[in-house]
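Please read the structure below before turning to the comments.
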Amino acid sequence: MTVINVKKVTDNDRVSPVGGEKLAKKVSQEIKKMNQKITVDFNESGSHTSLFFNAFYGYLFKDDAESIESIVSKMKMVNLTKLDTGTNEKCKENSVKQYSDIDYRESIEKLNYYEEE
Amino acid sequence: MKRIFVPTVNDEKDDFLNLFNLYQKCFQDPVEVILDFSECNFFRQNGVAFLGGILTIGNREKKMIYLDESTIKSALKTNLCQNGFATKFFDKSVAPWTGNSIPYQEFSNKDFHSIFPYLNERWLGRGWINIQEELKDDIVTRIYELYANSLEHSKSEEGCFSCGQNYNSYNELALSLVDFGIGIPNTVLEHLKGDITNTLDAMKWAIKEGNSTRKISNTTYRGGMGLSLVQEFLTLNGGCMEIYSNDCLYGIKGQEIYFEKLPVNFPGTFVNIKLLKDEGFYSYKTN
């Protein structure tokens with residue numbers, strides 16, 4: 001099984017969206033390449049922000065809304081800190097809802113449309 | 001030239017209201033202003049961060065705001081030299097030193113990378129609190145979210161201003177962050193376009209889990225939860241935090257969470273965080 005070392009892939013950037021996207025790119029690449037379950041190892045990478053996880057899931061789901069379930073099922077996250085366990089779950093839940101629920105997504109985009117007018 | 005007297009500043013609600021009044025007085029008339037400290041006997045880190053913001057905005061708006069250095073009492077001047085405020089605003093010859101200060105610092109939208117080291121090394125990394133490493137890491141991560149929210153959501157041209165202090169005599173470690181943007185309630189009201197019509201409800205909306213005003217059309221991810229996770233954390237750890245924004249106050253003191261409408265409207269967001277320095281080890285309650 002492929003193991004992705006979070007600390008290494010993100011250059012230890014655990015707070016910014018840039019770190020989250022770096023991790024997502026690597027995960028996405030490995031899932032496509034191997035088409036098998038991968039382990040995302042958070043060992044010694046500390047706690048991460050919601051910005052990090054939101055960017056991570058956003059990048060993973062944005063172009064492949066049909067495969068959200070499949071992507072999630074192919075990732076096994078290990079060695080998350082206690083705080084990260086909650087943050088990760090909440091961010092994942094939000095992102096899944098955003099990218100899989102068309103009505104929900106449209107309601108957010110509608111708000112943003114008004115905001116940009 | 002108008003002379004304005006800077007009040008004594010602690011960190012009770014009235015002290016914040018006094019600071020907001022000071023801001024209004026500084027900018028309400030198009031005349032030069034001189035800030036007089038002769039009535040100021042104590043000036044906490046919240047005052048320092050706030051004053052830095054006033055002077056920076058004044059500079060941007062070509063509003064002449066002067067400090068009457070001769071009226072600053074000796075102990076306060078020492079503190080302002082120590083935390084770097086003096087070097088920045090009235091005495092470039094004095095180099096700041098570490099002491100009990102968490103330095104006065106300004107963060108712009110290009111300074112996201114500076115936030116974490118500031119919090120990790122200059123706030124909780126000083127050994128002032130006996131803290132479990134894992135907990136320290138988690139607190140810093142969560143407080144980082146507040147700074148990031150401030151830079152990302154406030155639309156403040158100047159970014160945000162921060163300062164902190166270790167108060168040995170009060171057993172407190174205090175940290176303040178202020179931006180002069182549009183404020184949390186106003187951001188929410190603008191975002192929701194009539195679904196919520198008053199500022200206090202808007203403030204409550206912003207605190208609620210999963211709510212966010214971050215745009216998704218030009219990013220690939222959705223925001224939210226920064227504040228609610230901080231709330232969870234501080235409630236769990238018995239910390240204390242107050243957020244003043246527009247005419248609203250949101251606070252956490254131990255298990256108590258409160259919202260309040262303020263008599264003064266501050267066009268920005270002011271965060272004040274206080275950790276109590278216990279005699280024991282500061283840790284997750286479950287440990």
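By convention in this document, the chains of the structure tokens carry letters A, B, ... by their order, each chain's residues are numbered from 1, and ligands are numbered from 1 in the order they are shown.
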Exercise for review: Go through chain A and collect every residue that DSSP, computed from the backbone, puts in strand (DSSP E); the answer should be as a PyMOL selection string.
Suggested key: chain A and resi 2-5+38-41+75-78
Any chance you could export the current selection's all heavy atoms as a CSV table (one decimal), in the first residue's frame?
```csv
chain,number,residue,atom,x,y,z
A,2,THR,N,0.5,2.2,-0.8
A,2,THR,CA,1.3,3.5,-0.9
A,2,THR,C,1.1,4.3,0.4
A,2,THR,O,-0.1,4.4,0.8
A,2,THR,CB,0.8,4.3,-2.1
A,2,THR,OG1,1.0,3.5,-3.3
A,2,THR,CG2,1.7,5.6,-2.2
A,3,VAL,N,2.2,4.8,1.0
A,3,VAL,CA,2.0,5.6,2.1
A,3,VAL,C,2.5,7.0,1.8
A,3,VAL,O,3.7,7.2,1.3
A,3,VAL,CB,2.9,5.0,3.3
A,3,VAL,CG1,2.8,6.0,4.5
A,3,VAL,CG2,2.4,3.7,3.7
A,4,ILE,N,1.7,8.0,2.0
A,4,ILE,CA,2.1,9.4,1.8
A,4,ILE,C,2.4,10.1,3.1
A,4,ILE,O,1.6,10.1,4.1
A,4,ILE,CB,1.0,10.2,1.1
A,4,ILE,CG1,0.8,9.6,-0.3
A,4,ILE,CG2,1.3,11.7,1.0
A,4,ILE,CD1,-0.4,10.2,-1.1
A,5,ASN,N,3.7,10.6,3.2
A,5,ASN,CA,4.1,11.2,4.5
A,5,ASN,C,3.7,12.7,4.4
A,5,ASN,O,4.3,13.5,3.6
A,5,ASN,CB,5.6,11.1,4.6
A,5,ASN,CG,6.2,11.7,5.9
A,5,ASN,OD1,5.7,12.8,6.3
A,5,ASN,ND2,7.1,11.0,6.5
A,38,ILE,N,-4.7,4.1,-0.5
A,38,ILE,CA,-3.5,4.7,0.0
A,38,ILE,C,-3.6,5.2,1.4
A,38,ILE,O,-4.7,5.4,1.9
A,38,ILE,CB,-3.0,5.9,-0.9
A,38,ILE,CG1,-4.1,7.0,-0.8
A,38,ILE,CG2,-2.7,5.6,-2.3
A,38,ILE,CD1,-3.6,8.4,-1.3
A,39,THR,N,-2.4,5.2,2.1
A,39,THR,CA,-2.4,5.7,3.5
A,39,THR,C,-1.8,7.1,3.5
A,39,THR,O,-0.7,7.3,3.0
A,39,THR,CB,-1.6,4.7,4.3
A,39,THR,OG1,-2.1,3.4,4.3
A,39,THR,CG2,-1.5,5.2,5.8
A,40,VAL,N,-2.6,8.0,4.2
A,40,VAL,CA,-2.1,9.3,4.3
A,40,VAL,C,-1.6,9.5,5.8
A,40,VAL,O,-2.4,9.4,6.7
A,40,VAL,CB,-3.2,10.4,4.0
A,40,VAL,CG1,-2.6,11.8,4.1
A,40,VAL,CG2,-3.8,10.2,2.7
A,41,ASP,N,-0.3,9.5,6.0
A,41,ASP,CA,0.3,9.4,7.3
A,41,ASP,C,0.7,10.8,7.9
A,41,ASP,O,1.5,11.5,7.4
A,41,ASP,CB,1.5,8.5,7.3
A,41,ASP,CG,2.1,8.2,8.6
A,41,ASP,OD1,1.5,8.8,9.6
A,41,ASP,OD2,3.0,7.4,8.7
A,75,MET,N,-8.8,6.5,0.7
A,75,MET,CA,-7.8,7.2,1.6
A,75,MET,C,-8.0,6.6,3.0
A,75,MET,O,-9.1,6.6,3.6
A,75,MET,CB,-8.1,8.7,1.6
A,75,MET,CG,-7.5,9.5,0.5
A,75,MET,SD,-7.7,11.2,0.9
A,75,MET,CE,-9.4,11.4,1.1
A,76,LYS,N,-6.9,6.3,3.6
A,76,LYS,CA,-6.9,5.9,5.0
A,76,LYS,C,-6.0,6.9,5.7
A,76,LYS,O,-4.8,7.0,5.4
A,76,LYS,CB,-6.4,4.5,5.2
A,76,LYS,CG,-6.5,4.0,6.6
A,76,LYS,CD,-5.9,2.6,6.7
A,76,LYS,CE,-5.9,2.2,8.2
A,76,LYS,NZ,-5.1,1.0,8.4
A,77,MET,N,-6.5,7.7,6.6
A,77,MET,CA,-5.7,8.7,7.3
A,77,MET,C,-5.3,8.2,8.6
A,77,MET,O,-6.1,7.7,9.4
A,77,MET,CB,-6.5,10.0,7.5
A,77,MET,CG,-6.8,10.7,6.1
A,77,MET,SD,-7.6,12.2,6.4
A,77,MET,CE,-7.3,13.1,4.9
A,78,VAL,N,-4.0,8.2,8.9
A,78,VAL,CA,-3.5,7.7,10.1
A,78,VAL,C,-2.7,8.7,10.9
A,78,VAL,O,-2.1,9.7,10.3
A,78,VAL,CB,-2.7,6.4,9.9
A,78,VAL,CG1,-3.5,5.3,9.3
A,78,VAL,CG2,-1.4,6.7,9.1
```
With only C-alpha atoms as the counted atoms, please give the residues lying no more than 10 Å from Val9 of chain A, apart from itself and same-chain residues fewer than 2 positions off, as a PDB file with C-alpha atoms, in the first residue's frame.
```
ATOM      1  CA  ILE A   4       2.116   9.406   1.805  1.00  0.00           C
ATOM      2  CA  ASN A   5       4.102  11.243   4.463  1.00  0.00           C
ATOM      3  CA  VAL A   6       2.182  14.466   5.115  1.00  0.00           C
ATOM      4  CA  LYS A   7       5.022  16.310   6.819  1.00  0.00           C
ATOM      5  CA  ASP A  11       7.194  20.824   3.542  1.00  0.00           C
ATOM      6  CA  ASN A  12       5.731  20.954   7.027  1.00  0.00           C
ATOM      7  CA  ASP A  13       3.222  23.642   6.031  1.00  0.00           C
ATOM      8  CA  GLY A  19       0.015  22.952   2.308  1.00  0.00           C
ATOM      9  CA  GLY A  20      -3.446  21.421   1.921  1.00  0.00           C
ATOM     10  CA  LYS A  22       0.184  20.216  -2.011  1.00  0.00           C
ATOM     11  CA  LEU A  23      -1.068  17.189  -0.115  1.00  0.00           C
ATOM     12  CA  ALA A  24      -4.184  16.920  -2.282  1.00  0.00           C
ATOM     13  CA  LYS A  25      -2.136  16.991  -5.496  1.00  0.00           C
ATOM     14  CA  LYS A  26       0.026  14.127  -4.249  1.00  0.00           C
ATOM     15  CA  VAL A  27      -2.973  12.112  -3.049  1.00  0.00           C
TER      16      VAL A  27
END
```
Exercise for review: Tell me, in Å to one decimal, how far atom CA of Lys8 of chain A is from atom CA of Glu145 of chain B.
Suggested key: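 Separating atom CA of Lys8 of chain A from atom CA of Glu145 of chain B is a distance of 22.4 Å.
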Practice item. Considering only C-alpha atoms, return as a ChimeraX atom specification whatever protein or nucleic-acid residues lie within 9 Å of segment 9-26 of chain B, sequence-local ones (same chain, fewer than 5 positions apart) excluded. Key: /B:2,4,31-35,40-47,50-51,54,58,63,65,244,249,262-267,270,272
Any chance you could export the current selection's N, CA, C and O atoms as a tab-separated table (two decimals), in the first residue's frame?
```
chain	number	residue	atom	x	y	z
B	2	LYS	N	-5.70	69.59	17.86
B	2	LYS	CA	-6.56	69.12	18.95
B	2	LYS	C	-5.77	68.18	19.87
B	2	LYS	O	-5.10	67.26	19.37
B	4	ILE	N	-5.82	65.24	22.49
B	4	ILE	CA	-6.70	64.16	22.95
B	4	ILE	C	-5.99	63.39	24.05
B	4	ILE	O	-4.83	62.99	23.89
B	31	VAL	N	-8.49	67.80	11.60
B	31	VAL	CA	-7.43	68.65	12.15
B	31	VAL	C	-6.31	67.76	12.69
B	31	VAL	O	-6.49	66.56	12.90
B	32	GLU	N	-5.17	68.38	12.92
B	32	GLU	CA	-4.05	67.63	13.50
B	32	GLU	C	-4.39	67.25	14.94
B	32	GLU	O	-5.08	67.98	15.64
B	33	VAL	N	-3.88	66.11	15.33
B	33	VAL	CA	-4.21	65.59	16.65
B	33	VAL	C	-2.92	65.31	17.42
B	33	VAL	O	-1.95	64.80	16.84
B	34	ILE	N	-2.92	65.64	18.68
B	34	ILE	CA	-1.78	65.24	19.51
B	34	ILE	C	-2.30	64.36	20.65
B	34	ILE	O	-3.27	64.71	21.32
B	35	LEU	N	-1.69	63.20	20.80
B	35	LEU	CA	-2.14	62.27	21.83
B	35	LEU	C	-1.34	62.51	23.11
B	35	LEU	O	-0.11	62.40	23.12
B	40	CYS	N	-2.84	58.72	31.46
B	40	CYS	CA	-2.75	57.28	31.25
B	40	CYS	C	-1.75	56.66	32.23
B	40	CYS	O	-0.55	56.90	32.15
B	41	ASN	N	-2.28	55.85	33.14
B	41	ASN	CA	-1.42	55.25	34.16
B	41	ASN	C	-1.03	53.80	33.86
B	41	ASN	O	-0.12	53.26	34.45
B	42	PHE	N	-1.75	53.19	32.98
B	42	PHE	CA	-1.47	51.80	32.62
B	42	PHE	C	-2.00	51.59	31.21
B	42	PHE	O	-3.07	52.09	30.85
B	43	PHE	N	-1.25	50.88	30.40
B	43	PHE	CA	-1.65	50.75	29.00
B	43	PHE	C	-1.34	49.31	28.58
B	43	PHE	O	-0.19	48.98	28.28
B	44	ARG	N	-2.36	48.52	28.58
B	44	ARG	CA	-2.15	47.09	28.27
B	44	ARG	C	-1.84	46.86	26.79
B	44	ARG	O	-1.96	47.75	25.97
B	45	GLN	N	-1.54	45.60	26.49
B	45	GLN	CA	-1.16	45.22	25.12
B	45	GLN	C	-2.26	45.50	24.11
B	45	GLN	O	-1.98	45.77	22.94
B	46	ASN	N	-3.53	45.46	24.56
B	46	ASN	CA	-4.63	45.78	23.63
B	46	ASN	C	-4.55	47.23	23.19
B	46	ASN	O	-4.77	47.56	22.02
B	47	GLY	N	-4.20	48.10	24.13
B	47	GLY	CA	-4.03	49.51	23.80
B	47	GLY	C	-2.88	49.72	22.83
B	47	GLY	O	-2.98	50.52	21.89
B	50	PHE	N	-3.87	48.57	19.35
B	50	PHE	CA	-4.89	49.48	18.81
B	50	PHE	C	-4.26	50.81	18.39
B	50	PHE	O	-4.55	51.35	17.32
B	51	LEU	N	-3.39	51.34	19.26
B	51	LEU	CA	-2.74	52.61	18.96
B	51	LEU	C	-1.87	52.50	17.71
B	51	LEU	O	-1.81	53.42	16.88
B	54	ILE	N	-4.17	52.90	14.85
B	54	ILE	CA	-4.60	54.30	14.67
B	54	ILE	C	-3.50	55.11	13.95
B	54	ILE	O	-3.76	55.84	13.00
B	58	GLY	N	-3.73	56.70	10.31
B	58	GLY	CA	-3.50	58.14	10.22
B	58	GLY	C	-2.46	58.45	9.16
B	58	GLY	O	-2.63	59.37	8.34
B	63	LYS	N	-3.41	61.96	7.83
B	63	LYS	CA	-3.95	62.65	8.99
B	63	LYS	C	-2.81	62.78	9.99
B	63	LYS	O	-2.19	61.78	10.37
B	65	ILE	N	-1.26	62.67	13.22
B	65	ILE	CA	-1.50	62.27	14.61
B	65	ILE	C	-0.12	62.15	15.29
B	65	ILE	O	0.71	61.35	14.86
B	244	TYR	N	-14.56	41.94	19.91
B	244	TYR	CA	-15.37	43.15	19.70
B	244	TYR	C	-15.37	43.43	18.21
B	244	TYR	O	-14.31	43.54	17.60
B	249	LEU	N	-20.25	42.32	20.90
B	249	LEU	CA	-19.22	41.65	21.70
B	249	LEU	C	-19.59	40.17	21.80
B	249	LEU	O	-20.73	39.81	22.09
B	262	LEU	N	-23.17	46.57	21.83
B	262	LEU	CA	-22.36	47.64	22.42
B	262	LEU	C	-22.93	49.01	22.05
B	262	LEU	O	-23.54	49.17	20.99
B	263	PRO	N	-22.68	50.00	22.89
B	263	PRO	CA	-23.18	51.35	22.59
B	263	PRO	C	-22.31	52.10	21.58
B	263	PRO	O	-22.65	53.19	21.16
B	264	VAL	N	-21.17	51.53	21.24
B	264	VAL	CA	-20.25	52.18	20.29
B	264	VAL	C	-20.03	51.26	19.11
B	264	VAL	O	-19.92	50.04	19.27
B	265	ASN	N	-19.96	51.84	17.91
B	265	ASN	CA	-19.74	51.01	16.73
B	265	ASN	C	-18.29	51.14	16.27
B	265	ASN	O	-17.88	52.20	15.80
B	266	PHE	N	-17.55	50.07	16.40
B	266	PHE	CA	-16.15	50.07	15.98
B	266	PHE	C	-16.05	49.41	14.60
B	266	PHE	O	-16.44	48.25	14.44
B	267	PRO	N	-15.52	50.11	13.61
B	267	PRO	CA	-15.48	49.55	12.26
B	267	PRO	C	-14.31	48.59	12.06
B	267	PRO	O	-13.42	48.84	11.26
B	270	PHE	N	-11.64	43.33	17.02
B	270	PHE	CA	-10.63	43.35	18.09
B	270	PHE	C	-10.74	42.04	18.86
B	270	PHE	O	-11.78	41.73	19.43
B	272	ASN	N	-9.19	39.72	21.93
B	272	ASN	CA	-8.34	39.72	23.12
B	272	ASN	C	-8.38	38.33	23.76
B	272	ASN	O	-9.46	37.82	24.08
```
Review point. Of the candidates B:Tyr144, B:Tyr66, B:Phe37, B:Tyr104, which shows the shortest atom-to-atom distance to chain A, using only C-alpha atoms?
Key: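 Result for the nearest residue to chain A: B:Tyr144.
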**Study point:** Separation of atom CA of Phe42 of chain A from atom CA of Asn79 of chain A, in Å and rounded to one decimal
**Key:**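 Computing the Euclidean distance for atom CA of Phe42 of chain A and atom CA of Asn79 of chain A yields 5.1 Å.
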Exercise for review: Rank A:Asp84, A:Gly58, A:Ile102, A:Val96 by their smallest atom-to-atom distance to chain B, using only C-alpha atoms, and report the top residue only.
Suggested key: A:Gly58
Exercise for review: Please identify which residues in chain A DSSP calls alpha helix (DSSP H) from the backbone, and express them as a ChimeraX atom specification.
Suggested key: /A:6-9,17-34,50-62,68-74,82-100,102-116
Let's have the selection written as a PDB file, in the first residue's frame, with C-alpha atoms.
```
ATOM      1  CA  VAL A   6       2.182  14.466   5.115  1.00  0.00           C
ATOM      2  CA  LYS A   7       5.022  16.310   6.819  1.00  0.00           C
ATOM      3  CA  LYS A   8       7.333  15.649   3.876  1.00  0.00           C
ATOM      4  CA  VAL A   9       4.863  16.338   1.071  1.00  0.00           C
ATOM      5  CA  PRO A  17      -4.193  26.328   2.139  1.00  0.00           C
ATOM      6  CA  VAL A  18      -0.997  25.904   0.125  1.00  0.00           C
ATOM      7  CA  GLY A  19       0.015  22.952   2.308  1.00  0.00           C
ATOM      8  CA  GLY A  20      -3.446  21.421   1.921  1.00  0.00           C
ATOM      9  CA  GLU A  21      -3.317  21.700  -1.840  1.00  0.00           C
ATOM     10  CA  LYS A  22       0.184  20.216  -2.011  1.00  0.00           C
ATOM     11  CA  LEU A  23      -1.068  17.189  -0.115  1.00  0.00           C
ATOM     12  CA  ALA A  24      -4.184  16.920  -2.282  1.00  0.00           C
ATOM     13  CA  LYS A  25      -2.136  16.991  -5.496  1.00  0.00           C
ATOM     14  CA  LYS A  26       0.026  14.127  -4.249  1.00  0.00           C
ATOM     15  CA  VAL A  27      -2.973  12.112  -3.049  1.00  0.00           C
ATOM     16  CA  SER A  28      -4.862  12.699  -6.293  1.00  0.00           C
ATOM     17  CA  GLN A  29      -1.832  11.703  -8.334  1.00  0.00           C
ATOM     18  CA  GLU A  30      -1.302   8.474  -6.348  1.00  0.00           C
ATOM     19  CA  ILE A  31      -4.969   7.465  -6.471  1.00  0.00           C
ATOM     20  CA  LYS A  32      -5.052   7.920 -10.243  1.00  0.00           C
ATOM     21  CA  LYS A  33      -1.745   6.136 -10.721  1.00  0.00           C
ATOM     22  CA  MET A  34      -2.267   3.171  -8.437  1.00  0.00           C
ATOM     23  CA  SER A  50      -9.333  24.161   8.933  1.00  0.00           C
ATOM     24  CA  LEU A  51      -7.809  26.236   6.108  1.00  0.00           C
ATOM     25  CA  PHE A  52      -5.475  23.316   5.417  1.00  0.00           C
ATOM     26  CA  PHE A  53      -8.194  20.646   5.402  1.00  0.00           C
ATOM     27  CA  ASN A  54     -10.674  22.771   3.467  1.00  0.00           C
ATOM     28  CA  ALA A  55      -8.090  23.328   0.746  1.00  0.00           C
ATOM     29  CA  PHE A  56      -7.184  19.637   0.782  1.00  0.00           C
ATOM     30  CA  TYR A  57     -10.726  18.381   0.252  1.00  0.00           C
ATOM     31  CA  GLY A  58     -11.661  21.240  -2.038  1.00  0.00           C
ATOM     32  CA  TYR A  59      -8.838  20.391  -4.397  1.00  0.00           C
ATOM     33  CA  LEU A  60      -9.615  16.666  -4.297  1.00  0.00           C
ATOM     34  CA  PHE A  61     -13.326  17.058  -4.947  1.00  0.00           C
ATOM     35  CA  LYS A  62     -13.608  20.087  -7.201  1.00  0.00           C
ATOM     36  CA  ILE A  68     -16.203  11.747  -4.000  1.00  0.00           C
ATOM     37  CA  GLU A  69     -17.289   8.521  -2.329  1.00  0.00           C
ATOM     38  CA  SER A  70     -14.681   6.552  -4.197  1.00  0.00           C
ATOM     39  CA  ILE A  71     -11.903   9.033  -3.364  1.00  0.00           C
ATOM     40  CA  VAL A  72     -12.826   9.030   0.326  1.00  0.00           C
ATOM     41  CA  SER A  73     -12.955   5.238   0.418  1.00  0.00           C
ATOM     42  CA  LYS A  74      -9.474   4.984  -1.086  1.00  0.00           C
ATOM     43  CA  LYS A  82      -6.786  14.480  18.590  1.00  0.00           C
ATOM     44  CA  LEU A  83      -7.631  18.000  17.470  1.00  0.00           C
ATOM     45  CA  ASP A  84      -7.102  17.116  13.821  1.00  0.00           C
ATOM     46  CA  THR A  85      -9.499  14.200  14.036  1.00  0.00           C
ATOM     47  CA  GLY A  86     -12.370  16.607  14.689  1.00  0.00           C
ATOM     48  CA  THR A  87     -11.182  19.275  12.254  1.00  0.00           C
ATOM     49  CA  ASN A  88     -10.682  16.729   9.506  1.00  0.00           C
ATOM     50  CA  GLU A  89     -14.126  15.199   9.957  1.00  0.00           C
ATOM     51  CA  LYS A  90     -15.875  18.576   9.953  1.00  0.00           C
ATOM     52  CA  CYS A  91     -14.004  19.827   6.906  1.00  0.00           C
ATOM     53  CA  LYS A  92     -14.581  16.589   5.054  1.00  0.00           C
ATOM     54  CA  GLU A  93     -18.278  16.644   5.893  1.00  0.00           C
ATOM     55  CA  ASN A  94     -18.593  20.256   4.695  1.00  0.00           C
ATOM     56  CA  SER A  95     -16.675  19.632   1.489  1.00  0.00           C
ATOM     57  CA  VAL A  96     -18.596  16.476   0.652  1.00  0.00           C
ATOM     58  CA  LYS A  97     -21.816  18.410   1.157  1.00  0.00           C
ATOM     59  CA  GLN A  98     -20.581  21.307  -0.929  1.00  0.00           C
ATOM     60  CA  TYR A  99     -19.380  19.253  -3.861  1.00  0.00           C
ATOM     61  CA  SER A 100     -22.006  16.522  -3.908  1.00  0.00           C
ATOM     62  CA  ILE A 102     -25.947  20.532  -6.110  1.00  0.00           C
ATOM     63  CA  ASP A 103     -28.679  22.586  -4.378  1.00  0.00           C
ATOM     64  CA  TYR A 104     -26.368  23.425  -1.498  1.00  0.00           C
ATOM     65  CA  ARG A 105     -23.550  24.369  -3.839  1.00  0.00           C
ATOM     66  CA  GLU A 106     -25.837  26.512  -5.960  1.00  0.00           C
ATOM     67  CA  SER A 107     -27.094  28.351  -2.895  1.00  0.00           C
ATOM     68  CA  ILE A 108     -23.529  29.240  -1.925  1.00  0.00           C
ATOM     69  CA  GLU A 109     -22.619  30.252  -5.463  1.00  0.00           C
ATOM     70  CA  LYS A 110     -25.741  32.384  -5.657  1.00  0.00           C
ATOM     71  CA  LEU A 111     -24.662  34.250  -2.528  1.00  0.00           C
ATOM     72  CA  ASN A 112     -21.228  34.786  -4.000  1.00  0.00           C
ATOM     73  CA  TYR A 113     -22.737  35.952  -7.274  1.00  0.00           C
ATOM     74  CA  TYR A 114     -24.620  38.666  -5.412  1.00  0.00           C
ATOM     75  CA  GLU A 115     -21.510  39.528  -3.483  1.00  0.00           C
ATOM     76  CA  GLU A 116     -19.489  40.063  -6.639  1.00  0.00           C
TER      77      GLU A 116
END
```
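For the choices B:Gly52, B:Asp179, B:Gln28, B:Glu242, the atom-to-atom distance to Thr87 of chain B is smallest for B:Gly52 when using only C-alpha atoms.
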